[in-house]
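Trainee: Pasting coords.pdb here (PDB, C-alpha atoms):
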```pdb
ATOM      1  CA  MET A 223     -21.602 -34.148  -6.282  1.00  0.00           C
ATOM      2  CA  ASP A 224     -25.139 -32.793  -6.476  1.00  0.00           C
ATOM      3  CA  SER A 225     -25.987 -29.143  -7.052  1.00  0.00           C
ATOM      4  CA  ASN A 226     -26.591 -28.309  -3.361  1.00  0.00           C
ATOM      5  CA  GLN A 227     -23.313 -29.886  -2.282  1.00  0.00           C
ATOM      6  CA  ARG A 228     -21.485 -28.048  -5.048  1.00  0.00           C
ATOM      7  CA  LEU A 229     -23.091 -24.754  -4.053  1.00  0.00           C
ATOM      8  CA  ASP A 230     -22.235 -25.355  -0.393  1.00  0.00           C
ATOM      9  CA  TYR A 231     -18.633 -26.162  -1.287  1.00  0.00           C
ATOM     10  CA  LEU A 232     -18.296 -23.108  -3.550  1.00  0.00           C
ATOM     11  CA  TYR A 233     -19.802 -20.837  -0.912  1.00  0.00           C
ATOM     12  CA  LYS A 234     -17.517 -22.131   1.862  1.00  0.00           C
ATOM     13  CA  GLU A 235     -14.449 -21.611  -0.313  1.00  0.00           C
ATOM     14  CA  TYR A 236     -15.743 -18.174  -1.305  1.00  0.00           C
ATOM     15  CA  VAL A 237     -16.107 -17.206   2.372  1.00  0.00           C
ATOM     16  CA  ARG A 238     -12.607 -18.524   3.156  1.00  0.00           C
ATOM     17  CA  LEU A 239     -11.021 -16.529   0.323  1.00  0.00           C
ATOM     18  CA  ASN A 240     -13.007 -13.446   1.314  1.00  0.00           C
ATOM     19  CA  GLN A 241     -11.773 -13.725   4.916  1.00  0.00           C
ATOM     20  CA  GLN A 242      -8.177 -14.016   3.706  1.00  0.00           C
ATOM     21  CA  ALA A 243      -8.610 -10.905   1.559  1.00  0.00           C
ATOM     22  CA  GLU A 244     -10.085  -9.012   4.510  1.00  0.00           C
ATOM     23  CA  GLU A 245      -7.110  -9.995   6.693  1.00  0.00           C
ATOM     24  CA  TYR A 246      -4.706  -8.579   4.122  1.00  0.00           C
ATOM     25  CA  ILE A 247      -6.781  -5.415   3.767  1.00  0.00           C
ATOM     26  CA  LYS A 248      -6.796  -4.845   7.544  1.00  0.00           C
ATOM     27  CA  SER A 249      -3.074  -5.500   7.697  1.00  0.00           C
ATOM     28  CA  ALA A 250      -2.426  -3.084   4.824  1.00  0.00           C
ATOM     29  CA  PHE A 251      -4.309  -0.303   6.619  1.00  0.00           C
ATOM     30  CA  GLU A 252      -2.318  -0.960   9.780  1.00  0.00           C
ATOM     31  CA  ASP A 253       0.848  -0.448   7.718  1.00  0.00           C
ATOM     32  CA  PHE A 254      -0.436   2.974   6.725  1.00  0.00           C
ATOM     33  CA  LYS A 255      -0.884   3.852  10.387  1.00  0.00           C
ATOM     34  CA  LEU A 256       2.729   2.875  10.974  1.00  0.00           C
ATOM     35  CA  MET A 257       3.841   5.029   8.044  1.00  0.00           C
ATOM     36  CA  GLY A 258       1.964   7.946   9.613  1.00  0.00           C
ATOM     37  CA  VAL A 259       3.841   7.468  12.878  1.00  0.00           C
ATOM     38  CA  ILE A 260       7.125   7.445  10.981  1.00  0.00           C
ATOM     39  CA  GLY A 261       6.058  10.579   9.103  1.00  0.00           C
ATOM     40  CA  ALA A 262       5.473  12.296  12.437  1.00  0.00           C
ATOM     41  CA  THR A 263       8.873  11.058  13.615  1.00  0.00           C
ATOM     42  CA  ILE A 264      10.482  12.709  10.585  1.00  0.00           C
ATOM     43  CA  ALA A 265       8.951  16.020  11.678  1.00  0.00           C
ATOM     44  CA  LEU A 266      10.304  15.522  15.207  1.00  0.00           C
ATOM     45  CA  TRP A 267      13.766  14.268  14.224  1.00  0.00           C
ATOM     46  CA  LYS A 268      15.444  17.698  14.108  1.00  0.00           C
ATOM     47  CA  PRO A 269      14.424  18.611  17.693  1.00  0.00           C
ATOM     48  CA  VAL A 270      15.657  15.189  18.837  1.00  0.00           C
ATOM     49  CA  VAL A 271      19.018  15.812  17.151  1.00  0.00           C
ATOM     50  CA  ASP A 272      19.177  19.260  18.811  1.00  0.00           C
ATOM     51  CA  ILE A 273      18.849  17.588  22.218  1.00  0.00           C
ATOM     52  CA  ILE A 274      21.433  14.906  21.372  1.00  0.00           C
ATOM     53  CA  VAL A 275      23.967  17.483  20.197  1.00  0.00           C
ATOM     54  CA  LEU A 276      23.390  19.622  23.288  1.00  0.00           C
ATOM     55  CA  ALA A 277      24.205  16.591  25.406  1.00  0.00           C
ATOM     56  CA  ASN A 278      27.269  15.704  23.335  1.00  0.00           C
ATOM     57  CA  PRO A 279      28.636  18.636  21.270  1.00  0.00           C
ATOM     58  CA  LYS A 280      31.301  16.448  19.601  1.00  0.00           C
ATOM     59  CA  ILE A 281      28.657  14.759  17.435  1.00  0.00           C
ATOM     60  CA  ASP A 282      28.454  15.903  13.798  1.00  0.00           C
ATOM     61  CA  TYR A 283      25.068  17.625  13.696  1.00  0.00           C
ATOM     62  CA  SER A 284      24.432  17.438   9.950  1.00  0.00           C
ATOM     63  CA  GLY A 285      25.631  13.823   9.748  1.00  0.00           C
ATOM     64  CA  LEU A 286      23.293  12.787  12.557  1.00  0.00           C
ATOM     65  CA  LEU A 287      20.389  14.572  10.876  1.00  0.00           C
ATOM     66  CA  PHE A 288      21.200  12.839   7.590  1.00  0.00           C
ATOM     67  CA  ILE A 289      21.529   9.357   9.089  1.00  0.00           C
ATOM     68  CA  GLY A 290      18.284   9.756  11.024  1.00  0.00           C
ATOM     69  CA  PHE A 291      16.308  11.032   8.047  1.00  0.00           C
ATOM     70  CA  LEU A 292      17.788   8.376   5.757  1.00  0.00           C
ATOM     71  CA  SER A 293      17.001   5.617   8.266  1.00  0.00           C
ATOM     72  CA  LEU A 294      13.408   6.766   8.580  1.00  0.00           C
ATOM     73  CA  LEU A 295      13.092   6.986   4.793  1.00  0.00           C
ATOM     74  CA  LEU A 296      14.348   3.428   4.398  1.00  0.00           C
ATOM     75  CA  VAL A 297      11.893   2.180   7.039  1.00  0.00           C
ATOM     76  CA  VAL A 298       9.066   3.994   5.212  1.00  0.00           C
ATOM     77  CA  ALA A 299      10.169   2.455   1.900  1.00  0.00           C
ATOM     78  CA  THR A 300      10.343  -1.010   3.428  1.00  0.00           C
ATOM     79  CA  ILE A 301       6.828  -0.674   4.850  1.00  0.00           C
ATOM     80  CA  GLY A 302       5.582   0.696   1.536  1.00  0.00           C
ATOM     81  CA  PHE A 303       6.999  -2.169  -0.490  1.00  0.00           C
ATOM     82  CA  TRP A 304       5.731  -4.703   2.055  1.00  0.00           C
ATOM     83  CA  ASN A 305       2.314  -3.104   1.650  1.00  0.00           C
ATOM     84  CA  LEU A 306       2.562  -3.572  -2.132  1.00  0.00           C
ATOM     85  CA  ILE A 307       3.140  -7.269  -1.560  1.00  0.00           C
ATOM     86  CA  LYS A 308      -0.033  -7.366   0.538  1.00  0.00           C
ATOM     87  CA  GLN A 309      -1.925  -5.487  -2.179  1.00  0.00           C
ATOM     88  CA  SER A 310      -0.789  -8.113  -4.681  1.00  0.00           C
ATOM     89  CA  PHE A 311      -2.322 -10.810  -2.495  1.00  0.00           C
ATOM     90  CA  ILE A 312      -5.538  -8.780  -2.203  1.00  0.00           C
ATOM     91  CA  ILE A 313      -5.725  -8.537  -6.005  1.00  0.00           C
ATOM     92  CA  PHE A 314      -5.037 -12.274  -6.263  1.00  0.00           C
ATOM     93  CA  PHE A 315      -7.899 -13.044  -3.855  1.00  0.00           C
ATOM     94  CA  ALA A 316     -10.229 -10.628  -5.671  1.00  0.00           C
ATOM     95  CA  ASP A 317      -9.495 -12.408  -8.958  1.00  0.00           C
ATOM     96  CA  ASN A 318     -10.231 -15.772  -7.354  1.00  0.00           C
ATOM     97  CA  LEU A 319     -13.395 -14.464  -5.701  1.00  0.00           C
ATOM     98  CA  GLN A 320     -14.705 -13.391  -9.104  1.00  0.00           C
ATOM     99  CA  GLY A 321     -14.388 -16.946 -10.387  1.00  0.00           C
ATOM    100  CA  TYR A 322     -16.225 -18.365  -7.384  1.00  0.00           C
ATOM    101  CA  GLU A 323     -18.939 -15.727  -7.705  1.00  0.00           C
ATOM    102  CA  GLU A 324     -19.503 -16.645 -11.315  1.00  0.00           C
ATOM    103  CA  GLU A 325     -19.852 -20.320 -10.402  1.00  0.00           C
ATOM    104  CA  ILE A 326     -22.213 -19.524  -7.495  1.00  0.00           C
ATOM    105  CA  ARG A 327     -24.368 -17.334  -9.749  1.00  0.00           C
ATOM    106  CA  ARG A 328     -24.449 -20.145 -12.306  1.00  0.00           C
ATOM    107  CA  GLU A 329     -25.574 -22.648  -9.629  1.00  0.00           C
ATOM    108  CA  LEU A 330     -28.257 -20.194  -8.464  1.00  0.00           C
ATOM    109  CA  ASN A 331     -29.387 -19.457 -12.033  1.00  0.00           C
ATOM    110  CA  GLU A 332     -28.594 -15.777 -11.456  1.00  0.00           C
ATOM    111  CA  MET A 333     -26.346 -15.127 -14.454  1.00  0.00           C
ATOM    112  CA  ASN A 334     -28.193 -12.442 -16.416  1.00  0.00           C
ATOM    113  CA  ASN A 335     -27.487  -8.983 -14.962  1.00  0.00           C
ATOM    114  CA  SER A 336     -27.751 -10.313 -11.426  1.00  0.00           C
ATOM    115  CA  ARG A 337     -26.050  -8.404  -8.661  1.00  0.00           C
ATOM    116  CA  VAL A 338     -25.915 -11.531  -6.489  1.00  0.00           C
ATOM    117  CA  PHE A 339     -22.289 -12.456  -5.762  1.00  0.00           C
ATOM    118  CA  ASN A 340     -20.946  -9.791  -8.049  1.00  0.00           C
ATOM    119  CA  LEU A 341     -17.521  -8.483  -7.000  1.00  0.00           C
ATOM    120  CA  ASN A 342     -16.694  -7.690 -10.589  1.00  0.00           C
ATOM    121  CA  LEU A 343     -13.904  -5.168 -10.281  1.00  0.00           C
ATOM    122  CA  ASP A 344     -13.903  -4.588 -14.021  1.00  0.00           C
ATOM    123  CA  LYS A 345     -17.327  -2.958 -13.663  1.00  0.00           C
ATOM    124  CA  GLU A 346     -16.609  -1.074 -10.428  1.00  0.00           C
ATOM    125  CA  SER A 347     -15.263   2.051 -12.131  1.00  0.00           C
ATOM    126  CA  LYS A 348     -16.544   4.435  -9.427  1.00  0.00           C
ATOM    127  CA  LEU A 349     -14.755   2.526  -6.678  1.00  0.00           C
ATOM    128  CA  ILE A 350     -11.558   2.234  -8.691  1.00  0.00           C
ATOM    129  CA  GLY A 351     -11.683   5.910  -9.697  1.00  0.00           C
ATOM    130  CA  SER A 352     -12.172   6.946  -6.075  1.00  0.00           C
ATOM    131  CA  TYR A 353      -9.331   4.669  -4.969  1.00  0.00           C
ATOM    132  CA  ARG A 354      -7.018   6.090  -7.625  1.00  0.00           C
ATOM    133  CA  ILE A 355      -7.709   9.708  -6.655  1.00  0.00           C
ATOM    134  CA  THR A 356      -7.475   9.090  -2.906  1.00  0.00           C
ATOM    135  CA  TYR A 357      -4.356   6.929  -3.090  1.00  0.00           C
ATOM    136  CA  THR A 358      -2.647   9.378  -5.456  1.00  0.00           C
ATOM    137  CA  ALA A 359      -3.378  12.263  -3.086  1.00  0.00           C
ATOM    138  CA  PHE A 360      -2.100  10.264  -0.120  1.00  0.00           C
ATOM    139  CA  LEU A 361       1.110   9.340  -1.936  1.00  0.00           C
ATOM    140  CA  ALA A 362       1.651  12.911  -3.111  1.00  0.00           C
ATOM    141  CA  VAL A 363       1.287  14.392   0.378  1.00  0.00           C
ATOM    142  CA  PHE A 364       3.300  11.610   1.979  1.00  0.00           C
ATOM    143  CA  SER A 365       6.119  11.751  -0.576  1.00  0.00           C
ATOM    144  CA  ILE A 366       6.343  15.543  -0.354  1.00  0.00           C
ATOM    145  CA  ALA A 367       6.499  15.372   3.435  1.00  0.00           C
ATOM    146  CA  THR A 368       9.098  12.617   3.520  1.00  0.00           C
ATOM    147  CA  THR A 369      11.169  13.974   0.634  1.00  0.00           C
ATOM    148  CA  PHE A 370      11.206  17.742   0.770  1.00  0.00           C
ATOM    149  CA  ILE A 371      10.938  18.574   4.468  1.00  0.00           C
ATOM    150  CA  PRO A 372      14.037  16.547   5.389  1.00  0.00           C
ATOM    151  CA  SER A 373      15.820  17.785   2.246  1.00  0.00           C
ATOM    152  CA  ILE A 374      15.182  21.416   3.176  1.00  0.00           C
ATOM    153  CA  ILE A 375      16.332  20.851   6.742  1.00  0.00           C
ATOM    154  CA  LEU A 376      19.468  19.060   5.529  1.00  0.00           C
ATOM    155  CA  PHE A 377      20.153  21.788   2.963  1.00  0.00           C
ATOM    156  CA  LEU A 378      20.327  24.322   5.789  1.00  0.00           C
ATOM    157  CA  PHE A 379      23.229  22.396   7.320  1.00  0.00           C
ATOM    158  CA  ASP A 380      24.990  20.478   4.544  1.00  0.00           C
ATOM    159  CA  SER A 381      23.928  20.584   0.903  1.00  0.00           C
ATOM    160  CA  ARG A 382      25.755  17.321   0.085  1.00  0.00           C
ATOM    161  CA  TYR A 383      23.571  15.392   2.512  1.00  0.00           C
ATOM    162  CA  ALA A 384      20.492  17.182   1.179  1.00  0.00           C
ATOM    163  CA  VAL A 385      21.263  16.163  -2.410  1.00  0.00           C
ATOM    164  CA  ILE A 386      22.004  12.549  -1.452  1.00  0.00           C
ATOM    165  CA  TYR A 387      18.798  12.343   0.580  1.00  0.00           C
ATOM    166  CA  LEU A 388      16.712  13.986  -2.152  1.00  0.00           C
ATOM    167  CA  LEU A 389      18.042  11.667  -4.869  1.00  0.00           C
ATOM    168  CA  THR A 390      17.585   8.580  -2.669  1.00  0.00           C
ATOM    169  CA  SER A 391      14.046   9.597  -1.790  1.00  0.00           C
ATOM    170  CA  ILE A 392      13.057  10.377  -5.369  1.00  0.00           C
ATOM    171  CA  THR A 393      14.547   7.070  -6.527  1.00  0.00           C
ATOM    172  CA  LEU A 394      12.649   5.083  -3.877  1.00  0.00           C
ATOM    173  CA  PHE A 395       9.327   6.788  -4.620  1.00  0.00           C
ATOM    174  CA  THR A 396       9.830   6.364  -8.388  1.00  0.00           C
ATOM    175  CA  VAL A 397      10.509   2.633  -7.998  1.00  0.00           C
ATOM    176  CA  TYR A 398       7.514   2.342  -5.652  1.00  0.00           C
ATOM    177  CA  LEU A 399       5.213   4.066  -8.139  1.00  0.00           C
ATOM    178  CA  GLN A 400       6.462   1.873 -11.003  1.00  0.00           C
ATOM    179  CA  VAL A 401       5.814  -1.300  -9.006  1.00  0.00           C
ATOM    180  CA  LEU A 402       2.398   0.010  -7.916  1.00  0.00           C
ATOM    181  CA  ARG A 403       1.465   0.905 -11.486  1.00  0.00           C
ATOM    182  CA  LYS A 404       2.486  -2.512 -12.819  1.00  0.00           C
ATOM    183  CA  SER A 405       0.859  -4.478 -10.009  1.00  0.00           C
ATOM    184  CA  THR A 406      -2.474  -2.655 -10.252  1.00  0.00           C
ATOM    185  CA  ARG A 407      -2.497  -2.003 -13.999  1.00  0.00           C
ATOM    186  CA  ARG A 408      -5.424  -4.321 -14.617  1.00  0.00           C
ATOM    187  CA  PHE A 409      -7.698  -2.424 -12.231  1.00  0.00           C
ATOM    188  CA  LEU A 410      -6.454   1.163 -12.353  1.00  0.00           C
ATOM    189  CA  LEU A 411      -5.859   1.760 -16.041  1.00  0.00           C
ATOM    190  CA  LYS A 412      -9.451   1.186 -17.102  1.00  0.00           C
TER     191      LYS A 412
END
```
Can the structure from this file be put into structure tokens for me?
Mentor:
Amino acid sequence: MDSNQRLDYLYKEYVRLNQQAEEYIKSAFEDFKLMGVIGATIALWKPVVDIIVLANPKIDYSGLLFIGFLSLLLVVATIGFWNLIKQSFIIFFADNLQGYEEEIRRELNEMNNSRVFNLNLDKESKLIGSYRITYTAFLAVFSIATTFIPSIILFLFDSRYAVIYLLTSITLFTVYLQVLRKSTRRFLLK
């Protein structure tokens, strides 16, 4: 294979991997939109329960609140963990793209301090720092909203449900953060 054919092949594969990464990135952001809708649903769950109990007073109010909040929390956790799987694929593609970029730069004789084909995440400290701050803020606000607001509402009606919900929520967010930390360690702990 001559140099032009090799370069063409490398570039085509680079574009294919880049498109796959972009698909996962778009999909991951759509998951965040869905989590936002669920967060809004958590805020509206108590008024919904009020209407249900008015229609059927025999229903256990605090139990219905608890089951609804717990169900929404589990859906949020499922979406969050699914999003971590997508982020793992994005990191995998970024690693592969770096290898292709290095080969393309070598074929173009652009190795020394060239910015051509240079998705070197090890050097992108500003981007990674910005991501870390923004994602941490998002997770903090989201976890507070999905943990403490339902816990406070549940505490007003049945402290047992509030404690169970609070412990479940804290456990889920702790596991999520541990998985996130381990899966992004290479890029975020620089």
Trainee: Which residues fall under the PyMOL selection byres ((chain A and resi 297-303) around 12) in this file, as a ChimeraX atom specification?
Mentor: /A:249-264,290-296,304-310,361,364-365,367-369,390-402,405
Trainee: Go ahead and compute the interatomic distance for atom CA of A:Val363 and atom CA of A:Glu245, in Å to one decimal.
Mentor: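 That distance, rounded to one decimal, is 26.6 Å.
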Trainee: Find the spatial neighbours of A:Ile312, counting all atoms listed in the file, within a cut-off of 9 Å - ignore same-chain residues fewer than 6 positions away - and output them as a PyMOL selection string.
Mentor: chain A and resi 242-244+246-247
Trainee: Of the candidates A:Leu287, A:Ile326, A:Ala265, A:Ile274, which shows the shortest atom-to-atom distance to A:Ser225, using only C-alpha atoms?
Mentor: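 Under the stated criterion, the closest residue is A:Ile326.
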Trainee: What does the distance from atom CA of A:Ala384 to atom CA of A:Phe370 come to in Å, to one decimal?
Mentor: 9.3 Å
Trainee: Work out how far apart atom CA of A:Arg328 and atom CA of A:Arg407 are and give it in Å to one decimal.
Mentor: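 Computing it gives 28.5 Å between the two atoms.
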Trainee: Using the chain letters and numbers from the file, give me the residues hit by the PyMOL selection byres ((chain A and resi 233) around 12), as a list in words.
Mentor: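 When the PyMOL selection byres ((chain A and resi 233) around 12) is applied, the selected residues are Asn226, Gln227, Arg228, Leu229, Asp230, Tyr231, Leu232, Lys234, Glu235, Tyr236, Val237, Arg238, Leu239, Asn240, Leu319, Gly321, Tyr322, Glu323, Glu324, Glu325, Ile326, Arg327, Glu329, Leu330 and Phe339 of chain A.
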Trainee: Which residue is closest to A:Phe377? Choose from A:Ser284, A:Thr406, A:Gln241, A:Asn278 and count all atoms listed in the file.
Mentor: A:Ser284
Trainee: Give the padded box for stretch 257-268 of chain A as AutoDock Vina command-line options: axis-aligned, covering all atoms listed in the file, 3 Å on each side, centre and edge lengths in Å to one decimal.
Mentor:
```
--center_x 8.7 --center_y 11.4 --center_z 11.6 --size_x 19.5 --size_y 18.7 --size_z 13.2
```
Trainee: Counting all atoms listed in the file, which residues sit no farther than 10 Å from the position (17.4, 20.8, 7.9) in the file's frame? I'd like them as an MDAnalysis selection string.
Mentor: chainID A and resid 267:268 284 287:288 291 370:381 383:384
